[in-house]
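Here is the file final-v5.cif (mmCIF, C-alpha atoms and all ligand atoms).
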```cif
data_query
#
loop_
_atom_site.label_atom_id
_atom_site.label_comp_id
_atom_site.auth_asym_id
_atom_site.auth_seq_id
_atom_site.Cartn_x
_atom_site.Cartn_y
_atom_site.Cartn_z
CA MET G 1 -19.10 1.09 23.01
CA ALA G 2 -20.15 3.33 20.14
CA HIS G 3 -18.30 2.63 16.89
CA VAL G 4 -15.74 5.22 15.86
CA LYS G 5 -15.42 5.32 12.08
CA LEU G 6 -11.83 5.04 10.86
CA HIS G 7 -10.46 7.87 8.74
CA ILE G 8 -6.86 7.05 9.62
CA PRO G 9 -4.73 5.81 6.69
CA GLY G 10 -4.95 2.21 7.68
CA PRO G 11 -6.65 0.22 8.86
CA VAL G 12 -9.59 1.93 7.20
CA GLU G 13 -13.29 1.44 7.70
CA VAL G 14 -14.58 -2.04 6.73
CA SER G 15 -18.08 -2.28 5.25
CA PRO G 16 -20.79 -4.51 6.80
CA LYS G 17 -20.86 -6.53 3.54
CA THR G 18 -17.13 -7.22 3.78
CA PHE G 19 -17.45 -8.16 7.46
CA LYS G 20 -20.27 -10.55 6.68
CA ALA G 21 -18.10 -12.29 4.07
CA PHE G 22 -15.15 -12.31 6.50
CA CYS G 23 -17.33 -14.26 8.96
CA SER G 24 -18.30 -17.00 6.49
CA PRO G 25 -18.11 -20.57 7.85
CA MET G 26 -14.67 -22.16 7.47
CA ILE G 27 -13.78 -24.57 4.68
CA GLY G 28 -10.68 -26.74 4.18
CA HIS G 29 -7.90 -24.93 2.36
CA ARG G 30 -6.95 -28.01 0.32
CA GLY G 31 -10.52 -28.76 -0.73
CA GLN G 32 -12.30 -27.94 -3.98
CA GLY G 33 -14.35 -25.21 -2.31
CA PHE G 34 -11.24 -23.18 -1.53
CA LYS G 35 -9.72 -23.81 -4.95
CA ASP G 36 -12.92 -22.65 -6.61
CA LEU G 37 -12.97 -19.53 -4.44
CA TYR G 38 -9.37 -18.59 -5.30
CA ALA G 39 -9.72 -19.59 -8.97
CA LYS G 40 -12.76 -17.35 -9.32
CA MET G 41 -10.83 -14.39 -7.90
CA GLN G 42 -7.63 -14.96 -9.89
CA PRO G 43 -8.75 -13.27 -13.14
CA GLN G 44 -10.19 -10.36 -11.17
CA LEU G 45 -6.94 -9.94 -9.26
CA GLN G 46 -5.00 -10.09 -12.53
CA GLN G 47 -7.25 -7.41 -14.01
CA LEU G 48 -6.84 -5.28 -10.91
CA LEU G 49 -3.03 -5.50 -11.08
CA TYR G 50 -3.01 -5.33 -14.90
CA THR G 51 -0.99 -8.53 -15.16
CA LYS G 52 -0.96 -11.94 -16.77
CA GLN G 53 1.10 -13.27 -13.85
CA LEU G 54 -0.62 -15.18 -11.06
CA VAL G 55 -1.55 -13.06 -8.05
CA TYR G 56 -0.69 -14.53 -4.65
CA LEU G 57 -2.36 -14.29 -1.27
CA SER G 58 -0.11 -14.08 1.77
CA THR G 59 -1.52 -14.41 5.26
CA SER G 60 0.59 -11.66 6.75
CA SER G 61 0.59 -7.94 6.92
CA ALA G 62 2.53 -6.15 4.17
CA TRP G 63 5.82 -6.33 6.03
CA GLY G 64 5.86 -10.09 5.62
CA VAL G 65 6.06 -9.80 1.84
CA MET G 66 8.25 -6.67 2.01
CA GLU G 67 10.78 -8.70 3.98
CA GLY G 68 10.10 -11.76 1.82
CA ALA G 69 10.96 -9.81 -1.33
CA ILE G 70 14.36 -8.94 0.14
CA ARG G 71 14.97 -12.57 1.07
CA ASN G 72 13.90 -13.87 -2.36
CA VAL G 73 15.50 -11.57 -4.91
CA VAL G 74 18.44 -9.69 -3.36
CA HIS G 75 21.80 -11.37 -3.95
CA LYS G 76 24.29 -8.53 -4.22
CA LYS G 77 23.05 -5.26 -2.75
CA VAL G 78 19.70 -3.54 -2.44
CA LEU G 79 19.00 0.17 -2.91
CA ASN G 80 16.29 1.26 -0.48
CA CYS G 81 14.59 4.42 -1.76
CA MET G 82 13.61 6.34 1.37
CA CYS G 83 11.22 9.27 1.79
CA GLY G 84 9.24 8.55 4.96
CA ALA G 85 8.69 6.17 7.86
CA PHE G 86 7.77 3.02 5.92
CA SER G 87 10.35 3.38 3.16
CA ASP G 88 13.07 4.33 5.71
CA LYS G 89 12.27 1.18 7.69
CA TRP G 90 12.86 -1.02 4.61
CA LEU G 91 16.62 -0.28 4.85
CA ASP G 92 16.65 -1.57 8.41
CA VAL G 93 14.67 -4.66 7.38
CA SER G 94 17.09 -5.35 4.50
CA LYS G 95 20.01 -5.23 6.92
CA ARG G 96 18.23 -7.45 9.42
CA CYS G 97 17.88 -10.00 6.61
CA GLY G 98 21.68 -9.94 6.39
CA LYS G 99 21.75 -8.16 3.02
CA GLU G 100 24.05 -5.44 1.80
CA ALA G 101 21.86 -2.36 1.63
CA GLU G 102 22.21 1.34 0.87
CA ALA G 103 19.91 4.30 1.35
CA LEU G 104 18.72 6.70 -1.28
CA GLN G 105 17.34 9.17 1.25
CA VAL G 106 15.37 12.28 0.34
CA PRO G 107 13.82 14.68 2.85
CA TRP G 108 10.42 13.65 4.19
CA GLY G 109 7.72 15.37 2.16
CA SER G 110 9.69 14.96 -1.07
CA PRO G 111 9.17 12.17 -3.59
CA ILE G 112 11.79 9.81 -4.99
CA ARG G 113 12.85 11.07 -8.42
CA ALA G 114 13.93 8.91 -11.36
CA GLU G 115 17.18 10.89 -11.85
CA GLN G 116 18.25 10.06 -8.28
CA VAL G 117 17.55 6.36 -8.76
CA ASP G 118 19.34 6.39 -12.11
CA ALA G 119 22.47 7.94 -10.55
CA LYS G 120 22.59 5.24 -7.87
CA LEU G 121 21.93 2.32 -10.22
CA ALA G 122 24.59 3.63 -12.62
CA THR G 123 27.23 2.63 -10.03
CA GLY G 124 26.48 -0.99 -10.93
CA GLN G 125 26.49 -1.98 -7.26
CA PHE G 126 22.83 -2.94 -7.01
CA ASP G 127 20.80 -5.96 -8.10
CA ALA G 128 17.55 -4.81 -6.47
CA LEU G 129 15.74 -1.70 -5.29
CA THR G 130 12.77 -1.06 -3.04
CA LEU G 131 10.32 1.74 -3.69
CA ILE G 132 7.18 2.76 -1.87
CA HIS G 133 4.73 4.14 -4.40
CA ASN G 134 2.59 5.98 -1.87
CA GLU G 135 4.52 6.82 1.31
CA THR G 136 1.65 6.77 3.77
CA SER G 137 3.50 8.54 6.60
CA THR G 138 4.11 11.71 4.58
CA GLY G 139 1.25 11.46 2.09
CA VAL G 140 3.69 11.57 -0.83
CA MET G 141 3.16 9.69 -4.08
CA SER G 142 6.41 9.10 -6.00
CA PRO G 143 6.36 9.07 -9.82
CA LEU G 144 6.25 5.30 -10.27
CA ALA G 145 6.05 5.27 -14.07
CA GLU G 146 9.15 7.47 -14.45
CA ILE G 147 11.12 5.34 -12.01
CA ALA G 148 9.91 2.05 -13.50
CA ALA G 149 11.02 3.27 -16.94
CA LEU G 150 14.59 2.79 -15.66
CA LYS G 151 14.01 -0.96 -15.65
CA LYS G 152 14.78 -0.94 -19.39
CA LYS G 153 18.21 0.56 -18.69
CA TYR G 154 18.88 -1.81 -15.77
CA PRO G 155 17.14 -5.07 -16.71
CA ASP G 156 19.03 -7.13 -14.12
CA VAL G 157 17.95 -4.96 -11.20
CA MET G 158 14.86 -6.27 -9.40
CA PHE G 159 12.30 -3.48 -8.92
CA ILE G 160 10.34 -4.20 -5.70
CA VAL G 161 7.36 -1.89 -5.28
CA ASP G 162 5.14 -1.42 -2.24
CA ALA G 163 1.70 -0.18 -3.27
CA VAL G 164 0.17 -0.79 0.15
CA SER G 165 -1.84 2.42 0.29
CA SER G 166 -2.33 2.97 -3.44
CA MET G 167 -3.36 -0.38 -4.97
CA THR G 168 -7.09 -0.25 -5.95
CA GLY G 169 -7.13 3.55 -5.47
CA VAL G 170 -4.87 4.32 -8.42
CA LYS G 171 -4.19 2.44 -11.64
CA ILE G 172 -0.93 0.46 -11.37
CA GLU G 173 -0.19 -1.58 -14.48
CA PHE G 174 2.22 -4.26 -13.33
CA ASP G 175 3.09 -5.83 -16.69
CA ALA G 176 3.32 -2.55 -18.60
CA LEU G 177 5.50 -0.96 -15.91
CA GLY G 178 7.87 -3.91 -16.17
CA ILE G 179 8.47 -4.07 -12.43
CA ASP G 180 9.33 -7.31 -10.60
CA VAL G 181 7.43 -7.46 -7.32
CA LEU G 182 4.27 -5.53 -6.45
CA LEU G 183 2.52 -5.90 -3.11
CA ALA G 184 -0.25 -4.41 -1.00
CA GLY G 185 -1.63 -5.14 2.46
CA THR G 186 -5.41 -5.24 2.43
CA GLN G 187 -6.24 -2.93 5.34
CA LYS G 188 -5.51 0.18 3.31
CA ALA G 189 -7.18 0.95 -0.03
CA PHE G 190 -8.75 -2.53 -0.29
CA ALA G 191 -10.69 -1.75 2.94
CA LEU G 192 -10.44 -5.29 4.32
CA PRO G 193 -9.39 -6.14 7.86
CA PRO G 194 -5.60 -6.29 8.40
CA GLY G 195 -3.80 -9.62 7.97
CA LEU G 196 -3.70 -10.34 4.24
CA THR G 197 -1.28 -9.21 1.53
CA VAL G 198 -1.86 -9.43 -2.20
CA PHE G 199 1.23 -9.62 -4.42
CA THR G 200 2.64 -10.70 -7.74
CA CYS G 201 6.08 -11.34 -9.27
CA SER G 202 7.60 -11.08 -12.74
CA PRO G 203 8.94 -14.25 -14.40
CA ALA G 204 12.45 -12.82 -13.84
CA ALA G 205 11.82 -12.40 -10.11
CA LEU G 206 10.56 -15.99 -9.86
CA ALA G 207 13.56 -17.30 -11.79
CA LYS G 208 15.92 -15.37 -9.54
CA ALA G 209 14.12 -16.50 -6.37
CA ALA G 210 14.53 -20.10 -7.46
CA THR G 211 18.32 -19.63 -7.30
CA THR G 212 18.29 -18.01 -3.85
CA LYS G 213 19.38 -20.48 -1.18
CA ASP G 214 18.33 -18.87 2.08
CA ARG G 215 14.90 -17.58 1.08
CA GLY G 216 13.10 -19.44 3.86
CA TYR G 217 9.72 -21.11 3.56
CA TYR G 218 6.81 -18.95 4.69
CA PHE G 219 7.54 -16.22 2.14
CA ASP G 220 9.16 -18.38 -0.53
CA PHE G 221 7.92 -16.85 -3.80
CA VAL G 222 8.53 -20.13 -5.66
CA GLU G 223 6.16 -21.90 -3.23
CA PHE G 224 3.56 -19.18 -3.79
CA GLN G 225 3.79 -19.68 -7.56
CA LYS G 226 3.63 -23.49 -7.36
CA ASN G 227 0.61 -23.35 -5.08
CA ALA G 228 -1.16 -20.59 -6.99
CA GLU G 229 -0.96 -22.77 -10.11
CA GLN G 230 -3.27 -25.13 -8.17
CA SER G 231 -5.35 -22.24 -6.75
CA MET G 232 -3.86 -22.79 -3.32
CA THR G 233 -1.56 -21.06 -0.87
CA PRO G 234 1.64 -22.61 0.60
CA SER G 235 0.27 -22.75 4.15
CA THR G 236 -3.19 -22.44 5.70
CA PRO G 237 -4.41 -18.97 4.76
CA SER G 238 -6.74 -16.75 6.73
CA ILE G 239 -9.82 -18.09 4.98
CA GLY G 240 -12.00 -15.30 6.36
CA HIS G 241 -9.79 -12.80 4.53
CA VAL G 242 -10.11 -14.75 1.30
CA TYR G 243 -13.91 -14.61 1.54
CA ALA G 244 -13.69 -10.91 2.37
CA LEU G 245 -11.45 -10.31 -0.64
CA ALA G 246 -13.84 -12.18 -2.94
CA SER G 247 -16.65 -9.97 -1.71
CA LYS G 248 -14.57 -6.82 -2.18
CA LEU G 249 -13.60 -7.84 -5.72
CA GLU G 250 -17.32 -8.16 -6.51
CA ASP G 251 -17.74 -4.57 -5.29
CA ILE G 252 -14.70 -3.33 -7.20
CA PHE G 253 -15.84 -4.80 -10.52
CA ALA G 254 -19.47 -3.79 -9.98
CA GLU G 255 -18.23 -0.21 -9.63
CA GLY G 256 -15.64 -0.57 -12.42
CA LEU G 257 -11.92 0.09 -12.06
CA ASP G 258 -11.94 3.47 -13.79
CA ALA G 259 -14.92 4.62 -11.73
CA ARG G 260 -13.13 3.48 -8.57
CA PHE G 261 -9.99 5.42 -9.47
CA ALA G 262 -12.09 8.47 -10.36
CA ARG G 263 -13.89 8.23 -7.01
CA HIS G 264 -10.59 8.21 -5.15
CA LYS G 265 -9.50 11.29 -7.09
CA LYS G 266 -12.72 13.09 -6.17
CA THR G 267 -12.58 12.23 -2.48
CA VAL G 268 -8.93 13.21 -2.12
CA GLU G 269 -9.54 16.48 -3.98
CA ALA G 270 -12.46 17.20 -1.67
CA THR G 271 -10.19 16.57 1.33
CA ARG G 272 -7.54 18.92 -0.02
CA GLY G 273 -10.33 21.44 -0.63
CA TRP G 274 -11.42 21.21 3.02
CA ALA G 275 -7.83 21.77 4.20
CA THR G 276 -7.22 24.72 1.87
CA LYS G 277 -10.53 26.33 2.81
CA ASN G 278 -9.43 26.17 6.44
CA GLY G 279 -6.11 27.88 5.77
CA PHE G 280 -3.89 24.80 5.88
CA THR G 281 -1.09 23.88 3.50
CA PHE G 282 0.15 20.38 2.63
CA TYR G 283 3.17 18.45 3.84
CA PRO G 284 4.10 16.83 0.47
CA ASP G 285 5.94 18.84 -2.17
CA ALA G 286 3.41 20.33 -4.59
CA GLY G 287 2.47 17.92 -7.35
CA PHE G 288 3.34 14.79 -5.38
CA GLU G 289 0.35 14.61 -3.05
CA SER G 290 -1.11 11.16 -2.48
CA MET G 291 -4.34 10.20 -4.24
CA THR G 292 -5.64 8.18 -1.28
CA LEU G 293 -4.86 10.24 1.81
CA THR G 294 -4.05 13.83 2.72
CA CYS G 295 -1.12 14.75 4.93
CA VAL G 296 -1.95 18.24 6.19
CA ASN G 297 0.93 20.51 7.19
CA ASN G 298 0.52 21.78 10.74
CA GLY G 299 3.82 23.49 11.43
CA ALA G 300 6.22 20.86 10.08
CA LYS G 301 6.91 23.20 7.17
CA PRO G 302 6.59 26.99 7.06
CA GLY G 303 3.25 28.45 6.03
CA GLY G 304 -0.38 27.74 6.66
CA ARG G 305 -2.46 27.38 9.73
CA VAL G 306 -1.37 25.53 12.87
CA VAL G 307 -3.85 23.99 15.31
CA ASP G 308 -3.77 21.77 18.38
CA VAL G 309 -4.03 18.40 16.64
CA ALA G 310 -4.71 16.41 19.81
CA LYS G 311 -7.68 18.67 20.58
CA LEU G 312 -8.99 18.44 17.03
CA GLN G 313 -8.61 14.68 17.08
CA LYS G 314 -10.49 14.39 20.36
CA SER G 315 -13.36 16.55 19.23
CA VAL G 316 -13.68 14.64 15.97
CA LYS G 317 -13.53 11.34 17.85
CA ASP G 318 -16.31 12.47 20.18
CA GLN G 319 -18.35 12.96 17.00
CA GLY G 320 -17.61 9.41 15.86
CA PHE G 321 -14.58 9.69 13.56
CA LEU G 322 -10.94 8.77 14.06
CA ILE G 323 -8.32 10.86 12.26
CA ASP G 324 -4.57 10.44 12.48
CA GLY G 325 -2.43 12.91 14.42
CA GLY G 326 0.75 12.50 12.35
CA TYR G 327 3.29 9.69 12.09
CA GLY G 328 6.74 9.35 13.66
CA LYS G 329 8.81 12.51 13.69
CA ILE G 330 5.99 14.59 12.17
CA LYS G 331 3.42 13.64 14.79
CA GLY G 332 1.50 16.76 15.76
CA THR G 333 3.19 18.91 13.12
CA THR G 334 1.08 17.16 10.49
CA PHE G 335 -2.20 15.26 10.58
CA ARG G 336 -3.61 12.79 8.11
CA LEU G 337 -7.07 12.23 6.69
CA SER G 338 -7.74 9.04 4.78
CA SER G 339 -10.16 8.99 1.85
CA MET G 340 -9.25 5.50 0.60
CA GLY G 341 -11.44 2.41 0.40
CA ASP G 342 -15.19 2.81 0.25
CA GLU G 343 -15.40 6.56 0.88
CA THR G 344 -17.56 8.78 -1.28
CA GLU G 345 -18.05 12.53 -1.48
CA ALA G 346 -21.09 12.08 0.77
CA THR G 347 -19.21 10.15 3.48
CA MET G 348 -16.27 12.57 3.28
CA ASN G 349 -18.70 15.46 3.80
CA GLN G 350 -19.72 13.85 7.10
CA LEU G 351 -16.08 13.87 8.17
CA PHE G 352 -15.63 17.48 7.05
CA ALA G 353 -18.69 18.49 9.10
CA ALA G 354 -17.15 16.88 12.18
CA LEU G 355 -13.81 18.57 11.44
CA ASP G 356 -15.55 21.95 11.00
CA ASN G 357 -17.22 21.49 14.35
CA GLY G 358 -13.91 20.54 15.90
CA MET G 359 -12.18 23.59 14.41
CA LYS G 360 -14.72 25.91 16.07
CA GLY G 361 -13.59 24.81 19.49
CA LEU G 362 -9.86 25.39 18.88
C1 LIG Q 1 0.83 0.40 6.29
C2 LIG Q 1 1.97 0.35 5.38
C3 LIG Q 1 2.96 -0.63 5.48
C4 LIG Q 1 3.03 -1.63 6.59
O1 LIG Q 1 1.98 -2.45 6.62
P1 LIG Q 1 1.80 -3.52 7.81
O2 LIG Q 1 0.39 -3.87 7.62
O3 LIG Q 1 2.05 -2.81 9.11
O4 LIG Q 1 2.75 -4.60 7.55
C5 LIG Q 1 3.95 -0.64 4.53
N1 LIG Q 1 4.00 0.26 3.55
C6 LIG Q 1 3.09 1.22 3.43
C7 LIG Q 1 3.19 2.19 2.32
C8 LIG Q 1 2.05 1.30 4.35
O5 LIG Q 1 1.13 2.28 4.22
#
```
Just dump the structure as structure tokens.
Amino acid sequence: MAHVKLHIPGPVEVSPKTFKAFCSPMIGHRGQGFKDLYAKMQPQLQQLLYTKQLVYLSTSSAWGVMEGAIRNVVHKKVLNCMCGAFSDKWLDVSKRCGKEAEALQVPWGSPIRAEQVDAKLATGQFDALTLIHNETSTGVMSPLAEIAALKKKYPDVMFIVDAVSSMTGVKIEFDALGIDVLLAGTQKAFALPPGLTVFTCSPAALAKAATTKDRGYYFDFVEFQKNAEQSMTPSTPSIGHVYALASKLEDIFAEGLDARFARHKKTVEATRGWATKNGFTFYPDAGFESMTLTCVNNGAKPGGRVVDVAKLQKSVKDQGFLIDGGYGKIKGTTFRLSSMGDETEATMNQLFAALDNGMKGL
């Protein structure tokens, strides 16, 4: 079957180089070979997350660590900041973990604002909050720095941040932001196959986790720290993913972090340019559009052009590209184009050509 290139916002297209690394022969995860592999990556991961803390590797999709964070650092009550499908789900997950949880819900398409978080935290009810930096379902990027600045006012509140679809596409300075948990699944902006999550914790989060009784084993942050000190993981990791990550980190540092962030800015701006040129508007509130994907308005909000998304998707797929037809309750009334990972202006132009062709037939 002919390969259809992924331009959905996760999983994204995986390069042949990454795949080759992913298929490396297995080694023992307690042997020196594995330790050397992880130890070599550690400083690169720390540079990528702008942290002095150890960066952990979890063999799970992002939800594993998203749930793990709840289990490790929530004692009293968690504030789940909600602005789309993934962030909304985190409230449900918190409750399923048996935690007291409350929603800070804003309409889909809007970002989470620092003033709203401040008002909730001022009640003194919360000892943790969850925030999704880049809400992939709506294409909204919330102002992380402004929200993280509240940490100074509420030092005892654990700030748990999902950067699943922004990490490596946008600069996120973990230590400087002062947040407590930062995580990302690797099938989004890292452009690895799904199944691995990269994350780190503040010393305060680790200290708090150590006092949490029912934090389980598989996602025990204290175990991750203890093992990472020896360049190991608590349980057998997906070793193929670790090889793939090592290969990707080579690529990332060969390109340079700033150049990588600048490339993501260019490709997302080009995508917005394609949409605007074709008469579309955007689903996110102006000024809060994601830097790694574009959520095009297609009737979910007033204004702009409306097309038959299923038809457009099919035509584009026949030309070898998969785009997303909208997520959850905005399926069909939005569609999403991913520009994260390895995409360049040249590869995006190939997608735009296929989209232009598809638009002719509508
Ligand atoms: C994809 C995604 C998730 C969920 O990731 P899984 O790999 O399904 O666990 C969580 N948060 C965001 C922002 C995402 O884009």
Enumerate, in order of chain and increasing residue number, the residues of chain G with an atom no farther than 6 Å from ligand LIG 1 (chain Q), each with its shortest atom pair and distance in Å to one decimal, counting all atoms listed in the file, as a tab-separated table.
```
residue	atom	partner	partner_atom	distance
G:Ser61	CA	Q:LIG1	O4	4.0
G:Ala62	CA	Q:LIG1	O4	3.7
G:Trp63	CA	Q:LIG1	O4	3.8
G:Phe86	CA	Q:LIG1	N1	5.2
G:Ile132	CA	Q:LIG1	C7	5.8
G:Asn134	CA	Q:LIG1	C7	5.7
G:Glu135	CA	Q:LIG1	C7	4.9
G:Thr136	CA	Q:LIG1	O5	4.5
G:Val164	CA	Q:LIG1	C7	4.8
G:Ser165	CA	Q:LIG1	O5	4.9
G:Gly185	CA	Q:LIG1	O2	5.7
```
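Minimum atom-to-atom distance to Gly326 of chain G, evaluated using all atoms listed in the file, belongs to G:Ala85 out of G:Ala85, G:Lys40, G:Asp175, G:Ile252.
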(message) Given all atoms listed in the file as the basis, pick out the residue of G:Gln350, G:Thr59, G:Asn357, G:Gln313 nearest to Ile8 of chain G.
(response) G:Gln313
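Among the candidates G:Asn298, G:Ser58, G:Gln105, G:Gln47, the residue lying nearest to Glu173 of chain G is G:Gln47 (atoms considered: only C-alpha atoms).
Minimum atom-to-atom distances from G:Ala103, G:Thr271, G:Tyr327, G:Val74 to Ala209 of chain G were compared using all atoms listed in the file, and the lowest value belongs to G:Val74.
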